[in-house]
Amino acid sequence: MSHAPTDWWRRAVIYQVYPRSFADSDGDGLGDLPGITAHLPYLRDLGVDAVWISPFYPSPQKDAGYDVADYCDVDPLFGSLDDADTLIATAHDLGLRVIVDLVPNHTSDRHEWFQAALASAPGSLERDRYMFRDIDENDLDTPPNNWESNFGGAAWSKTEGATGGDQWYLHLFDSSQPDLNWGNQEVRDTFDGVLRFWLDRGVDGFRVDVAHGMIKEPGLPDVEIRDAEAGTDDAAMASTSTPYWDRDGVHDIYRRWRKILDSYSTDTAERIMVAEAWVQPIDRIARYVRPDEHHQAFNFSFLDTRWDAAALREVIGESYRVNDAVGAPTTWVLSNHDVIRHATRLALAPEEAVTQLAGPVTEPDRTVGLDRARAATTLMLGLPGSAYLYQGEELGLPEVLDIPDDRRQDPTFFRTRGTDTPELGRDGCRVPVPWSADEVRNPAADKAAPWLPQPEIFADLAVDRQTGDAASTLELYRSLLHLRKELGIADGTARVLETRTDTVAVEVTPTEEADGSVLIVANLGTDDWLVPADRQVIAASRPGVTTSVPVDCTVWLAGPGSHVE
Ligand code: GLC
Ligand code: MG
């Protein structure tokens with residue numbers, strides 16, 4: 001299928017920047033917008049097409065900025081609106097698009113709306129913007145229903161001494177993140193304005209946070225906890241039977257936003273939105289990317305898949321099936337700021353192989369983890385569609401598992417402490433990116449330490465250590481991204497081949513004009529896999545692979561034949 005050149009997002013590789021941990025320009029230990037701007041040439045050279053920047057808006061930072069106090073400004077921790085303008089303009093000059101994060105499910109409790117709600121009486125217009133419910137006089141401690149916060153504990157808290165009078169309020173995340181009432185017209189109208197504010201500043205799109213959560217089942221009925229699902233985060237975050245996830249009403253909001261985006265789109269600059277929707281089964285995600293809704297949705301089914309050939313073949317095939325059916329590009333993602341980095345995750349023992357908000361895990365073998373991470377990425381970047389990278393994965397950074405408790409900041413860690421299911425939280429994938437080995441080893445006396453400590457291994461993996469080393473993970477990413485573009489892989493078509501059970505083989509026909517297919521083969525078996533005689537290795541996740549593909553290695557093969565055993 002060929003696409004008009006304007007559909008940049010259909011083939012884009014989008015790099016996620018987590019601002020506090022990317023690049024610190026002023027030495028306060030926290031990354032900032034000028035730091036991002038200064039490193040945009042690095043991203044251009046890496047070969048990505050766009051950056052998605054996690055929230056940098058004014059916030060008390062209870063959930064690292066996903067608790068927004070003002071949607072139309074920049075937190076002084078990260079810079080100013082002028083810095084945002086400079087970032088956007090610099091990115092565009094370099095040919096990079098910019099996607100910002102939109103957090104519509106909840107605000108911070110410091111948002112002026114929530115402050116006004118606390119000062120207003122139950123039943124007031126101010127309280128109607130949120131999900132307030134009365135306290136039962138005869139049962140003061142039982143919340144309105146059994147919903148649980150994603151970060152642990154009840155999803156309801158009581159306002160404490162609110163001048164307008166006390167009530168329960170709903171928070172699907174931290175108690176500092178009250179859920180908005182999307183049944184309220186003013187909430188809808190205001191968010192139209194938030195979209196316009198950033199579109200007017202030139203952003204190319206939005207990543208929509210918790211896109212499956214904004215509408216709650218009328219009457220707020222109890223969650224019926226089915227035995228098979230109980231206690232697993234993934235199930236709780238995704239189940240279609242959960243009265244606050246994946247309700248049909250969310251789609252009305254996206255149709256409305258799509259019209260706004262389209263009104264800003266030009267032939268060369270389509271404005272897009274991408275849904276963060278943890279929904280299951282995979283068919284449900286297609287509903288978010290119907291032609292008049294989101295352009296893309298994160299493929300968490302792929303991210304959730306363990307290092308298993310049959311499971312990967314199935315999820316890749318299914319991903320194309322459900323997205324093709326609605327004309328949307330399939331997306332791919334292996335890491336983000338909420339999950340265990342894939343250089344660690346893919347080597348975890350099966351019983352520990354969770355992706356999200358994990359509890360304590362034993363440090364797995366680093367070499368196995370890195371081999372698998374490189375192989376998984378080489379597989380992912382060989383697949384047509386759009387791909388998301390998370391800062392630091394191009395360095396092969398592992399999850400940092402031994403952050404001291406007193407340095408942790410993720411609310412999940414605090415809200416689950418002392419419960420039956422204590423969780424370490426997500427700080428381990430948020431440790432600041434190491435730009436120079438020397439800075440990790442010999443921190444400058446006049447600069448504050450990074451907000452989370454960088455382990456010794458980060459020195460060996462620093463950008464300056466890997467640059468120019470052909471065997472490094474960084475150079476692997478660079479070469480894959482350049483080859484992907486050169487061959488036109490992203491616009492191609494894919495066919496998952498039936499193979500022996502321990503390889504994943506995908507035949508990619510790059511573009512209509514290209515001669516010959518590219519065969520992507522990942523070896524997840526226990527023996528080397530021999531390259532067919534009529535194929536040549538054009539890319540490999542390990543250095544020096546020519547005729548024999550070792551275990552936990554992926555190759556891209558050029559040549560006429562597509563026969564694989
Ligand atoms: C999303 C974000 C996560 C945040 C949560 C609440 O899942 O990715 O980081 O904690 O929403 O906003
Ligand atoms: Mg700083």
# chains A, B, ... in the order shown; residues from 1 in each chain; ligands from 1
>>> select_by_dssp(residues="stretch 145-345 of chain A", states="alpha helix (DSSP H)", output="PyMOL selection string")
chain A and resi 185-200+233-238+250-264+283-286+300-304+309-326+342-345
>>> residues_near_ligand(ligand="ligand 2", cutoff="10 Å", atoms="only C-alpha atoms and all ligand atoms", output="short mmCIF file (atom, residue, chain, number, x, y, z; two decimals) with N, CA and C atoms, in the first residue's frame")
data_model
loop_
_atom_site.label_atom_id
_atom_site.label_comp_id
_atom_site.auth_asym_id
_atom_site.auth_seq_id
_atom_site.Cartn_x
_atom_site.Cartn_y
_atom_site.Cartn_z
N PRO A 19 11.10 14.04 30.38
CA PRO A 19 11.91 15.25 30.57
C PRO A 19 12.83 15.24 31.78
N ARG A 20 12.34 14.81 32.92
CA ARG A 20 13.16 14.93 34.13
C ARG A 20 14.42 14.06 34.05
N SER A 21 14.41 13.08 33.16
CA SER A 21 15.52 12.12 33.12
C SER A 21 16.28 12.15 31.81
N PHE A 22 16.05 13.17 30.98
CA PHE A 22 16.71 13.15 29.67
C PHE A 22 18.01 13.95 29.72
N ALA A 23 17.92 15.26 29.78
CA ALA A 23 19.17 16.05 29.77
C ALA A 23 18.97 17.30 30.62
N ASP A 24 19.88 17.48 31.54
CA ASP A 24 19.80 18.58 32.51
C ASP A 24 20.71 19.72 32.06
N SER A 25 20.11 20.85 31.67
CA SER A 25 20.96 21.95 31.15
C SER A 25 21.46 22.88 32.25
N ASP A 26 20.77 22.91 33.38
CA ASP A 26 21.15 23.91 34.38
C ASP A 26 21.74 23.31 35.66
N GLY A 27 22.01 22.01 35.62
CA GLY A 27 22.73 21.40 36.74
C GLY A 27 21.95 21.30 38.04
N ASP A 28 20.60 21.26 37.95
CA ASP A 28 19.83 21.11 39.19
C ASP A 28 19.44 19.65 39.45
N GLY A 29 19.98 18.74 38.64
CA GLY A 29 19.72 17.32 38.86
C GLY A 29 18.49 16.80 38.15
N LEU A 30 17.78 17.73 37.49
CA LEU A 30 16.53 17.36 36.83
C LEU A 30 16.62 17.81 35.37
N GLY A 31 16.30 16.92 34.47
CA GLY A 31 16.29 17.28 33.05
C GLY A 31 15.32 18.43 32.81
N ASP A 32 15.48 19.12 31.69
CA ASP A 32 14.64 20.30 31.43
C ASP A 32 14.48 20.50 29.92
N LEU A 33 13.63 21.48 29.54
CA LEU A 33 13.35 21.69 28.12
C LEU A 33 14.59 22.15 27.35
N PRO A 34 15.38 23.12 27.88
CA PRO A 34 16.59 23.48 27.13
C PRO A 34 17.53 22.27 26.95
N GLY A 35 17.54 21.37 27.92
CA GLY A 35 18.35 20.15 27.79
C GLY A 35 17.87 19.31 26.61
N PRO A 76 8.24 25.64 36.06
CA PRO A 76 9.55 26.28 36.14
C PRO A 76 10.70 25.27 36.33
N LEU A 77 10.40 24.10 36.88
CA LEU A 77 11.44 23.06 37.00
C LEU A 77 12.03 22.72 35.63
N PHE A 78 11.17 22.82 34.61
CA PHE A 78 11.58 22.38 33.26
C PHE A 78 11.87 23.55 32.33
N GLY A 79 11.49 24.77 32.73
CA GLY A 79 11.74 25.92 31.86
C GLY A 79 10.50 26.79 31.75
N LYS A 447 27.35 20.77 40.50
CA LYS A 447 26.05 20.36 39.98
C LYS A 447 25.35 19.43 40.96
N ALA A 448 24.03 19.54 41.02
CA ALA A 448 23.28 18.64 41.89
C ALA A 448 23.31 17.23 41.30
N PRO A 450 21.91 13.69 39.98
CA PRO A 450 20.67 13.37 39.28
C PRO A 450 19.58 12.97 40.28
N TRP A 451 18.33 13.27 39.94
CA TRP A 451 17.23 13.06 40.90
C TRP A 451 17.09 11.61 41.31
#
>>> residues_around(residues="stretch 365-371 of chain A", least_positions_apart="6", cutoff="9 Å", atoms="only C-alpha atoms", output="PyMOL selection string")
chain A and resi 342-348+396-398+473+541-542+551-553
>>> write_last_selection(atoms="all heavy atoms", output="mmCIF file, in the first residue's frame")
data_model
loop_
_atom_site.group_PDB
_atom_site.id
_atom_site.type_symbol
_atom_site.label_atom_id
_atom_site.label_comp_id
_atom_site.auth_asym_id
_atom_site.auth_seq_id
_atom_site.Cartn_x
_atom_site.Cartn_y
_atom_site.Cartn_z
ATOM 1 N N HIS A 342 13.153 -3.209 28.609
ATOM 2 C CA HIS A 342 13.150 -4.540 27.989
ATOM 3 C C HIS A 342 14.500 -5.239 28.046
ATOM 4 O O HIS A 342 14.561 -6.452 27.926
ATOM 5 C CB HIS A 342 12.502 -4.537 26.603
ATOM 6 C CG HIS A 342 13.185 -3.824 25.483
ATOM 7 N ND1 HIS A 342 13.159 -2.461 25.338
ATOM 8 C CD2 HIS A 342 13.861 -4.282 24.409
ATOM 9 C CE1 HIS A 342 13.801 -2.128 24.223
ATOM 10 N NE2 HIS A 342 14.239 -3.202 23.641
ATOM 11 N N ALA A 343 15.585 -4.496 28.292
ATOM 12 C CA ALA A 343 16.885 -5.161 28.448
ATOM 13 C C ALA A 343 16.930 -5.979 29.740
ATOM 14 O O ALA A 343 17.803 -6.823 29.916
ATOM 15 C CB ALA A 343 18.015 -4.143 28.431
ATOM 16 N N THR A 344 16.025 -5.737 30.637
ATOM 17 C CA THR A 344 15.906 -6.533 31.857
ATOM 18 C C THR A 344 14.702 -7.482 31.754
ATOM 19 O O THR A 344 14.786 -8.665 32.042
ATOM 20 C CB THR A 344 15.734 -5.608 33.083
ATOM 21 O OG1 THR A 344 16.903 -4.800 33.213
ATOM 22 C CG2 THR A 344 15.522 -6.411 34.352
ATOM 23 N N ARG A 345 13.605 -6.910 31.293
ATOM 24 C CA ARG A 345 12.337 -7.658 31.290
ATOM 25 C C ARG A 345 12.416 -8.963 30.507
ATOM 26 O O ARG A 345 11.904 -9.993 30.942
ATOM 27 C CB ARG A 345 11.252 -6.759 30.697
ATOM 28 C CG ARG A 345 9.859 -7.299 30.805
ATOM 29 C CD ARG A 345 8.859 -6.338 30.181
ATOM 30 N NE ARG A 345 8.861 -6.405 28.738
ATOM 31 C CZ ARG A 345 9.009 -5.339 27.933
ATOM 32 N NH1 ARG A 345 9.182 -4.141 28.447
ATOM 33 N NH2 ARG A 345 8.984 -5.494 26.632
ATOM 34 N N LEU A 346 13.081 -8.920 29.347
ATOM 35 C CA LEU A 346 13.058 -10.089 28.476
ATOM 36 C C LEU A 346 13.905 -11.248 29.007
ATOM 37 O O LEU A 346 13.856 -12.348 28.472
ATOM 38 C CB LEU A 346 13.498 -9.708 27.054
ATOM 39 C CG LEU A 346 12.542 -8.740 26.337
ATOM 40 C CD1 LEU A 346 13.094 -8.334 24.977
ATOM 41 C CD2 LEU A 346 11.146 -9.342 26.182
ATOM 42 N N ALA A 347 14.675 -10.985 30.062
ATOM 43 C CA ALA A 347 15.470 -12.070 30.650
ATOM 44 C C ALA A 347 14.918 -12.523 31.999
ATOM 45 O O ALA A 347 15.513 -13.367 32.667
ATOM 46 C CB ALA A 347 16.922 -11.627 30.802
ATOM 47 N N LEU A 348 13.794 -11.974 32.409
ATOM 48 C CA LEU A 348 13.224 -12.381 33.694
ATOM 49 C C LEU A 348 12.694 -13.806 33.604
ATOM 50 O O LEU A 348 12.246 -14.248 32.540
ATOM 51 C CB LEU A 348 12.073 -11.455 34.087
ATOM 52 C CG LEU A 348 12.427 -10.021 34.472
ATOM 53 C CD1 LEU A 348 11.164 -9.215 34.704
ATOM 54 C CD2 LEU A 348 13.306 -10.005 35.714
ATOM 55 N N GLY A 396 20.866 0.441 25.534
ATOM 56 C CA GLY A 396 20.750 -0.866 26.185
ATOM 57 C C GLY A 396 20.661 -0.747 27.694
ATOM 58 O O GLY A 396 21.041 -1.661 28.427
ATOM 59 N N LEU A 397 20.137 0.369 28.189
ATOM 60 C CA LEU A 397 20.066 0.542 29.643
ATOM 61 C C LEU A 397 19.196 -0.542 30.263
ATOM 62 O O LEU A 397 18.109 -0.834 29.765
ATOM 63 C CB LEU A 397 19.463 1.903 30.008
ATOM 64 C CG LEU A 397 20.221 3.162 29.603
ATOM 65 C CD1 LEU A 397 19.523 4.395 30.187
ATOM 66 C CD2 LEU A 397 21.682 3.120 30.057
ATOM 67 N N PRO A 398 19.662 -1.118 31.377
ATOM 68 C CA PRO A 398 18.816 -2.059 32.115
ATOM 69 C C PRO A 398 17.883 -1.310 33.065
ATOM 70 O O PRO A 398 18.094 -0.125 33.344
ATOM 71 C CB PRO A 398 19.832 -2.878 32.911
ATOM 72 C CG PRO A 398 20.949 -1.912 33.184
ATOM 73 C CD PRO A 398 20.992 -0.954 32.000
ATOM 74 N N THR A 473 25.225 -0.863 21.212
ATOM 75 C CA THR A 473 23.781 -0.848 21.015
ATOM 76 C C THR A 473 23.358 0.446 20.328
ATOM 77 O O THR A 473 22.492 0.448 19.458
ATOM 78 C CB THR A 473 23.077 -1.010 22.380
ATOM 79 O OG1 THR A 473 23.587 -2.196 23.005
ATOM 80 C CG2 THR A 473 21.571 -1.140 22.223
ATOM 81 N N SER A 541 21.402 -8.236 14.991
ATOM 82 C CA SER A 541 21.407 -7.648 16.334
ATOM 83 C C SER A 541 22.717 -7.910 17.062
ATOM 84 O O SER A 541 22.977 -7.319 18.100
ATOM 85 C CB SER A 541 20.225 -8.167 17.148
ATOM 86 O OG SER A 541 20.322 -9.562 17.339
ATOM 87 N N ARG A 542 23.559 -8.801 16.506
ATOM 88 C CA ARG A 542 24.884 -9.023 17.086
ATOM 89 C C ARG A 542 25.934 -8.800 16.008
ATOM 90 O O ARG A 542 25.688 -9.109 14.842
ATOM 91 C CB ARG A 542 25.000 -10.462 17.564
ATOM 92 C CG ARG A 542 24.154 -10.712 18.774
ATOM 93 C CD ARG A 542 24.907 -11.620 19.706
ATOM 94 N NE ARG A 542 24.019 -12.639 20.201
ATOM 95 C CZ ARG A 542 24.450 -13.743 20.780
ATOM 96 N NH1 ARG A 542 25.746 -13.995 20.865
ATOM 97 N NH2 ARG A 542 23.589 -14.613 21.249
ATOM 98 N N VAL A 551 21.603 -17.948 18.983
ATOM 99 C CA VAL A 551 20.406 -17.860 19.826
ATOM 100 C C VAL A 551 20.245 -16.414 20.321
ATOM 101 O O VAL A 551 21.235 -15.730 20.586
ATOM 102 C CB VAL A 551 20.559 -18.824 21.023
ATOM 103 C CG1 VAL A 551 19.421 -18.642 22.023
ATOM 104 C CG2 VAL A 551 20.637 -20.253 20.523
ATOM 105 N N ASP A 552 19.008 -15.963 20.430
ATOM 106 C CA ASP A 552 18.704 -14.596 20.881
ATOM 107 C C ASP A 552 19.315 -13.540 19.959
ATOM 108 O O ASP A 552 19.862 -12.525 20.414
ATOM 109 C CB ASP A 552 19.179 -14.370 22.330
ATOM 110 C CG ASP A 552 18.356 -15.159 23.339
ATOM 111 O OD1 ASP A 552 17.218 -15.566 23.003
ATOM 112 O OD2 ASP A 552 18.846 -15.368 24.462
ATOM 113 N N CYS A 553 19.244 -13.808 18.681
ATOM 114 C CA CYS A 553 19.742 -12.848 17.693
ATOM 115 C C CYS A 553 18.710 -12.736 16.574
ATOM 116 O O CYS A 553 18.028 -13.705 16.244
ATOM 117 C CB CYS A 553 21.083 -13.345 17.141
ATOM 118 S SG CYS A 553 21.776 -12.306 15.833
#
>>> atom_distance(atom1="atom CA of A:Pro178", atom2="atom CA of A:Tyr71")
14.9 Å
>>> closest_atom_pairs(of="chain A", to="ligand 1", cutoff="6 Å", atoms="only C-alpha atoms and all ligand atoms", output="JSON lines")
{"residue": "A:Asp63", "atom": "CA", "partner": "ligand 1", "partner_atom_place_in_ligand_line": "10 (O)", "distance": 5.8}
{"residue": "A:Tyr66", "atom": "CA", "partner": "ligand 1", "partner_atom_place_in_ligand_line": "12 (O)", "distance": 4.5}
{"residue": "A:Phe173", "atom": "CA", "partner": "ligand 1", "partner_atom_place_in_ligand_line": "6 (C)", "distance": 5.9}
{"residue": "A:Asp209", "atom": "CA", "partner": "ligand 1", "partner_atom_place_in_ligand_line": "1 (C)", "distance": 5.3}
{"residue": "A:Val210", "atom": "CA", "partner": "ligand 1", "partner_atom_place_in_ligand_line": "11 (O)", "distance": 5.3}
{"residue": "A:Asp338", "atom": "CA", "partner": "ligand 1", "partner_atom_place_in_ligand_line": "9 (O)", "distance": 5.5}
>>> residues_around(residues="A:Asn442", least_positions_apart="4", cutoff="10 Å", atoms="only C-alpha atoms", output="MDAnalysis selection string")
chainID A and resid 437:438 459
>>> closest_atom_pairs(of="stretch 136-229 of chain A", to="stretch 111-122 of chain A", cutoff="7 Å", atoms="only C-alpha atoms", output="Markdown table")
| residue | atom | partner | partner_atom | distance |
| --- | --- | --- | --- | --- |
| A:Ala162 | CA | A:Leu118 | CA | 5.0 |
| A:Thr163 | CA | A:Ala119 | CA | 4.9 |
| A:Gly164 | CA | A:Ala121 | CA | 4.3 |
| A:Gly165 | CA | A:Ala121 | CA | 6.0 |
>>> write_last_selection(atoms="N, CA and C atoms", output="tab-separated table (two decimals), in the first residue's frame")
chain	number	residue	atom	x	y	z
A	162	ALA	N	-12.63	20.17	53.75
A	162	ALA	CA	-12.89	21.10	52.65
A	162	ALA	C	-13.84	22.19	53.12
A	163	THR	N	-13.54	23.42	52.80
A	163	THR	CA	-14.38	24.49	53.33
A	163	THR	C	-15.81	24.40	52.82
A	164	GLY	N	-15.98	23.79	51.65
A	164	GLY	CA	-17.34	23.63	51.11
A	164	GLY	C	-18.09	22.46	51.72
A	165	GLY	N	-17.39	21.62	52.49
A	165	GLY	CA	-18.03	20.43	53.08
A	165	GLY	C	-17.38	19.16	52.53
>>> residues_around(residues="stretch 515-525 of chain A", least_positions_apart="4", cutoff="6 Å", atoms="only C-alpha atoms", output="PyMOL selection string")
chain A and resi 502-509+551-558+560
>>> write_last_selection(atoms="all heavy atoms", output="short mmCIF file (atom, residue, chain, number, x, y, z; two decimals), in the first residue's frame")
data_model
loop_
_atom_site.label_atom_id
_atom_site.label_comp_id
_atom_site.auth_asym_id
_atom_site.auth_seq_id
_atom_site.Cartn_x
_atom_site.Cartn_y
_atom_site.Cartn_z
N ASP A 502 10.69 -22.29 17.05
CA ASP A 502 11.48 -21.35 17.84
C ASP A 502 12.11 -20.21 17.04
O ASP A 502 13.08 -19.61 17.48
CB ASP A 502 12.53 -22.10 18.67
CG ASP A 502 13.33 -23.05 17.81
OD1 ASP A 502 13.18 -22.99 16.57
OD2 ASP A 502 14.10 -23.85 18.36
N THR A 503 11.58 -19.92 15.88
CA THR A 503 11.99 -18.69 15.19
C THR A 503 10.75 -17.86 14.89
O THR A 503 9.65 -18.38 14.79
CB THR A 503 12.70 -18.95 13.84
OG1 THR A 503 11.82 -19.72 13.03
CG2 THR A 503 14.03 -19.63 14.00
N VAL A 504 11.00 -16.56 14.78
CA VAL A 504 9.95 -15.67 14.28
C VAL A 504 10.47 -15.19 12.93
O VAL A 504 11.56 -14.60 12.86
CB VAL A 504 9.73 -14.46 15.20
CG1 VAL A 504 8.65 -13.55 14.64
CG2 VAL A 504 9.38 -14.92 16.61
N ALA A 505 9.74 -15.45 11.87
CA ALA A 505 10.19 -15.03 10.54
C ALA A 505 9.07 -14.24 9.89
O ALA A 505 7.93 -14.68 9.82
CB ALA A 505 10.55 -16.24 9.70
N VAL A 506 9.41 -13.04 9.45
CA VAL A 506 8.43 -12.17 8.83
C VAL A 506 8.98 -11.73 7.48
O VAL A 506 10.11 -11.22 7.41
CB VAL A 506 8.12 -10.93 9.70
CG1 VAL A 506 7.01 -10.09 9.07
CG2 VAL A 506 7.73 -11.34 11.11
N GLU A 507 8.22 -11.96 6.44
CA GLU A 507 8.64 -11.52 5.11
C GLU A 507 8.06 -10.13 4.87
O GLU A 507 6.84 -9.94 4.90
CB GLU A 507 8.15 -12.48 4.04
CG GLU A 507 8.68 -12.10 2.68
CD GLU A 507 8.13 -12.98 1.57
OE1 GLU A 507 6.99 -13.48 1.72
OE2 GLU A 507 8.83 -13.15 0.57
N VAL A 508 8.94 -9.18 4.66
CA VAL A 508 8.51 -7.80 4.48
C VAL A 508 8.76 -7.39 3.04
O VAL A 508 9.88 -7.50 2.54
CB VAL A 508 9.28 -6.87 5.45
CG1 VAL A 508 8.90 -5.41 5.21
CG2 VAL A 508 9.00 -7.25 6.89
N THR A 509 7.72 -6.95 2.38
CA THR A 509 7.87 -6.44 1.01
C THR A 509 7.83 -4.93 1.13
O THR A 509 6.77 -4.35 1.38
CB THR A 509 6.73 -6.96 0.11
OG1 THR A 509 6.67 -8.37 0.27
CG2 THR A 509 6.99 -6.60 -1.34
N VAL A 551 21.60 -17.95 18.98
CA VAL A 551 20.41 -17.86 19.83
C VAL A 551 20.24 -16.41 20.32
O VAL A 551 21.24 -15.73 20.59
CB VAL A 551 20.56 -18.82 21.02
CG1 VAL A 551 19.42 -18.64 22.02
CG2 VAL A 551 20.64 -20.25 20.52
N ASP A 552 19.01 -15.96 20.43
CA ASP A 552 18.70 -14.60 20.88
C ASP A 552 19.32 -13.54 19.96
O ASP A 552 19.86 -12.52 20.41
CB ASP A 552 19.18 -14.37 22.33
CG ASP A 552 18.36 -15.16 23.34
OD1 ASP A 552 17.22 -15.57 23.00
OD2 ASP A 552 18.85 -15.37 24.46
N CYS A 553 19.24 -13.81 18.68
CA CYS A 553 19.74 -12.85 17.69
C CYS A 553 18.71 -12.74 16.57
O CYS A 553 18.03 -13.70 16.24
CB CYS A 553 21.08 -13.34 17.14
SG CYS A 553 21.78 -12.31 15.83
N THR A 554 18.57 -11.51 16.04
CA THR A 554 17.67 -11.29 14.91
C THR A 554 18.48 -10.78 13.72
O THR A 554 19.39 -9.96 13.91
CB THR A 554 16.60 -10.23 15.27
OG1 THR A 554 15.82 -10.72 16.36
CG2 THR A 554 15.68 -9.93 14.09
N VAL A 555 18.14 -11.24 12.54
CA VAL A 555 18.80 -10.75 11.32
C VAL A 555 17.75 -10.23 10.33
O VAL A 555 16.59 -10.63 10.36
CB VAL A 555 19.62 -11.86 10.61
CG1 VAL A 555 20.88 -12.17 11.39
CG2 VAL A 555 18.78 -13.12 10.39
N TRP A 556 18.21 -9.32 9.49
CA TRP A 556 17.44 -8.90 8.31
C TRP A 556 18.18 -9.51 7.12
O TRP A 556 19.40 -9.34 6.99
CB TRP A 556 17.42 -7.39 8.14
CG TRP A 556 16.73 -6.63 9.22
CD1 TRP A 556 16.22 -7.11 10.39
CD2 TRP A 556 16.47 -5.22 9.22
NE1 TRP A 556 15.67 -6.09 11.13
CE2 TRP A 556 15.81 -4.91 10.44
CE3 TRP A 556 16.74 -4.16 8.34
CZ2 TRP A 556 15.42 -3.61 10.77
CZ3 TRP A 556 16.35 -2.87 8.67
CH2 TRP A 556 15.69 -2.61 9.87
N LEU A 557 17.45 -10.19 6.25
CA LEU A 557 18.07 -10.89 5.13
C LEU A 557 17.53 -10.35 3.81
O LEU A 557 16.32 -10.24 3.63
CB LEU A 557 17.76 -12.39 5.22
CG LEU A 557 18.15 -13.10 6.51
CD1 LEU A 557 17.65 -14.54 6.50
CD2 LEU A 557 19.67 -13.07 6.70
N ALA A 558 18.46 -10.03 2.91
CA ALA A 558 18.05 -9.66 1.56
C ALA A 558 18.25 -10.85 0.65
O ALA A 558 19.02 -11.75 0.97
CB ALA A 558 18.90 -8.49 1.08
N PRO A 560 16.47 -13.14 -3.06
CA PRO A 560 15.24 -13.45 -3.77
C PRO A 560 14.31 -14.40 -3.03
O PRO A 560 13.11 -14.21 -2.97
CB PRO A 560 15.73 -14.09 -5.07
CG PRO A 560 17.09 -14.62 -4.74
CD PRO A 560 17.65 -13.76 -3.67
#
>>> residues_around(residues="A:Lys62", least_positions_apart="5", cutoff="10 Å", atoms="only C-alpha atoms", output="list in words")
Asp67, Val68, Ser108, Asp109, Asp174, Ser175, Ser176, Gln177, Gln409, Asp410 and Pro411 of chain A
>>> select_by_dssp(residues="stretch 257-363 of chain A", states="strand (DSSP E)", output="ChimeraX atom specification")
/A:272-275,296-297,331-333
>>> atom_distance(atom1="atom CA of A:Val496", atom2="atom CA of A:Pro384")
11.7 Å
>>> closest_residue(among="A:Asp139, A:Glu498, A:Glu126, A:Asp49", to="A:Ala91", atoms="only C-alpha atoms")
A:Asp49
>>> closest_residue(among="A:Ile99, A:Leu481, A:Val289, A:Ile253", to="A:Phe191", atoms="only C-alpha atoms")
A:Ile253
>>> closest_residue(among="A:Thr511, A:Val194, A:Ala69, A:Leu334", to="A:Leu389", atoms="only C-alpha atoms")
A:Leu334
>>> atom_distance(atom1="atom CA of A:Leu172", atom2="atom CA of A:Leu452")
26.0 Å
>>> closest_residue(among="A:Thr419, A:Thr412, A:Gln391, A:Ser124", to="A:Leu46", atoms="only C-alpha atoms")
A:Gln391
>>> residues_around(residues="A:Gly488", least_positions_apart="2", cutoff="9 Å", atoms="only C-alpha atoms", output="list in words")
Arg11, Pro384, Leu483, Arg484, Lys485, Glu486, Ala490, Asp491, Gly492, Pro510, Thr511 and Ala514 of chain A
>>> write_last_selection(atoms="N, CA and C atoms", output="mmCIF file, in the first residue's frame")
data_model
loop_
_atom_site.group_PDB
_atom_site.id
_atom_site.type_symbol
_atom_site.label_atom_id
_atom_site.label_comp_id
_atom_site.auth_asym_id
_atom_site.auth_seq_id
_atom_site.Cartn_x
_atom_site.Cartn_y
_atom_site.Cartn_z
ATOM 1 N N ARG A 11 4.562 5.903 9.159
ATOM 2 C CA ARG A 11 5.860 5.230 9.086
ATOM 3 C C ARG A 11 6.844 5.761 10.133
ATOM 4 N N PRO A 384 6.900 -3.375 9.249
ATOM 5 C CA PRO A 384 6.160 -2.212 8.744
ATOM 6 C C PRO A 384 5.264 -1.614 9.816
ATOM 7 N N LEU A 483 18.692 2.065 7.851
ATOM 8 C CA LEU A 483 18.364 1.032 6.866
ATOM 9 C C LEU A 483 16.848 0.895 6.696
ATOM 10 N N ARG A 484 16.150 1.003 7.796
ATOM 11 C CA ARG A 484 14.685 0.928 7.749
ATOM 12 C C ARG A 484 14.131 1.984 6.798
ATOM 13 N N LYS A 485 14.704 3.169 6.906
ATOM 14 C CA LYS A 485 14.250 4.272 6.060
ATOM 15 C C LYS A 485 14.656 4.034 4.605
ATOM 16 N N GLU A 486 15.915 3.676 4.434
ATOM 17 C CA GLU A 486 16.452 3.478 3.083
ATOM 18 C C GLU A 486 15.653 2.416 2.316
ATOM 19 N N ALA A 490 8.927 0.673 6.594
ATOM 20 C CA ALA A 490 7.731 1.064 7.342
ATOM 21 C C ALA A 490 6.469 1.068 6.489
ATOM 22 N N ASP A 491 6.619 1.372 5.217
ATOM 23 C CA ASP A 491 5.455 1.413 4.329
ATOM 24 C C ASP A 491 5.137 0.067 3.692
ATOM 25 N N GLY A 492 5.939 -0.926 4.005
ATOM 26 C CA GLY A 492 5.782 -2.207 3.329
ATOM 27 C C GLY A 492 4.622 -3.029 3.853
ATOM 28 N N PRO A 510 8.998 -4.292 1.030
ATOM 29 C CA PRO A 510 9.119 -2.895 1.445
ATOM 30 C C PRO A 510 8.177 -1.928 0.741
ATOM 31 N N THR A 511 8.269 -1.780 -0.562
ATOM 32 C CA THR A 511 7.344 -0.868 -1.238
ATOM 33 C C THR A 511 6.947 -1.543 -2.518
ATOM 34 N N ALA A 514 9.951 -1.737 -4.882
ATOM 35 C CA ALA A 514 11.193 -2.407 -4.484
ATOM 36 C C ALA A 514 11.296 -3.801 -5.085
#
>>> closest_residue(among="A:Glu393, A:Asp85, A:Asp308, A:Glu363", to="A:Asp200", atoms="only C-alpha atoms")
A:Asp85
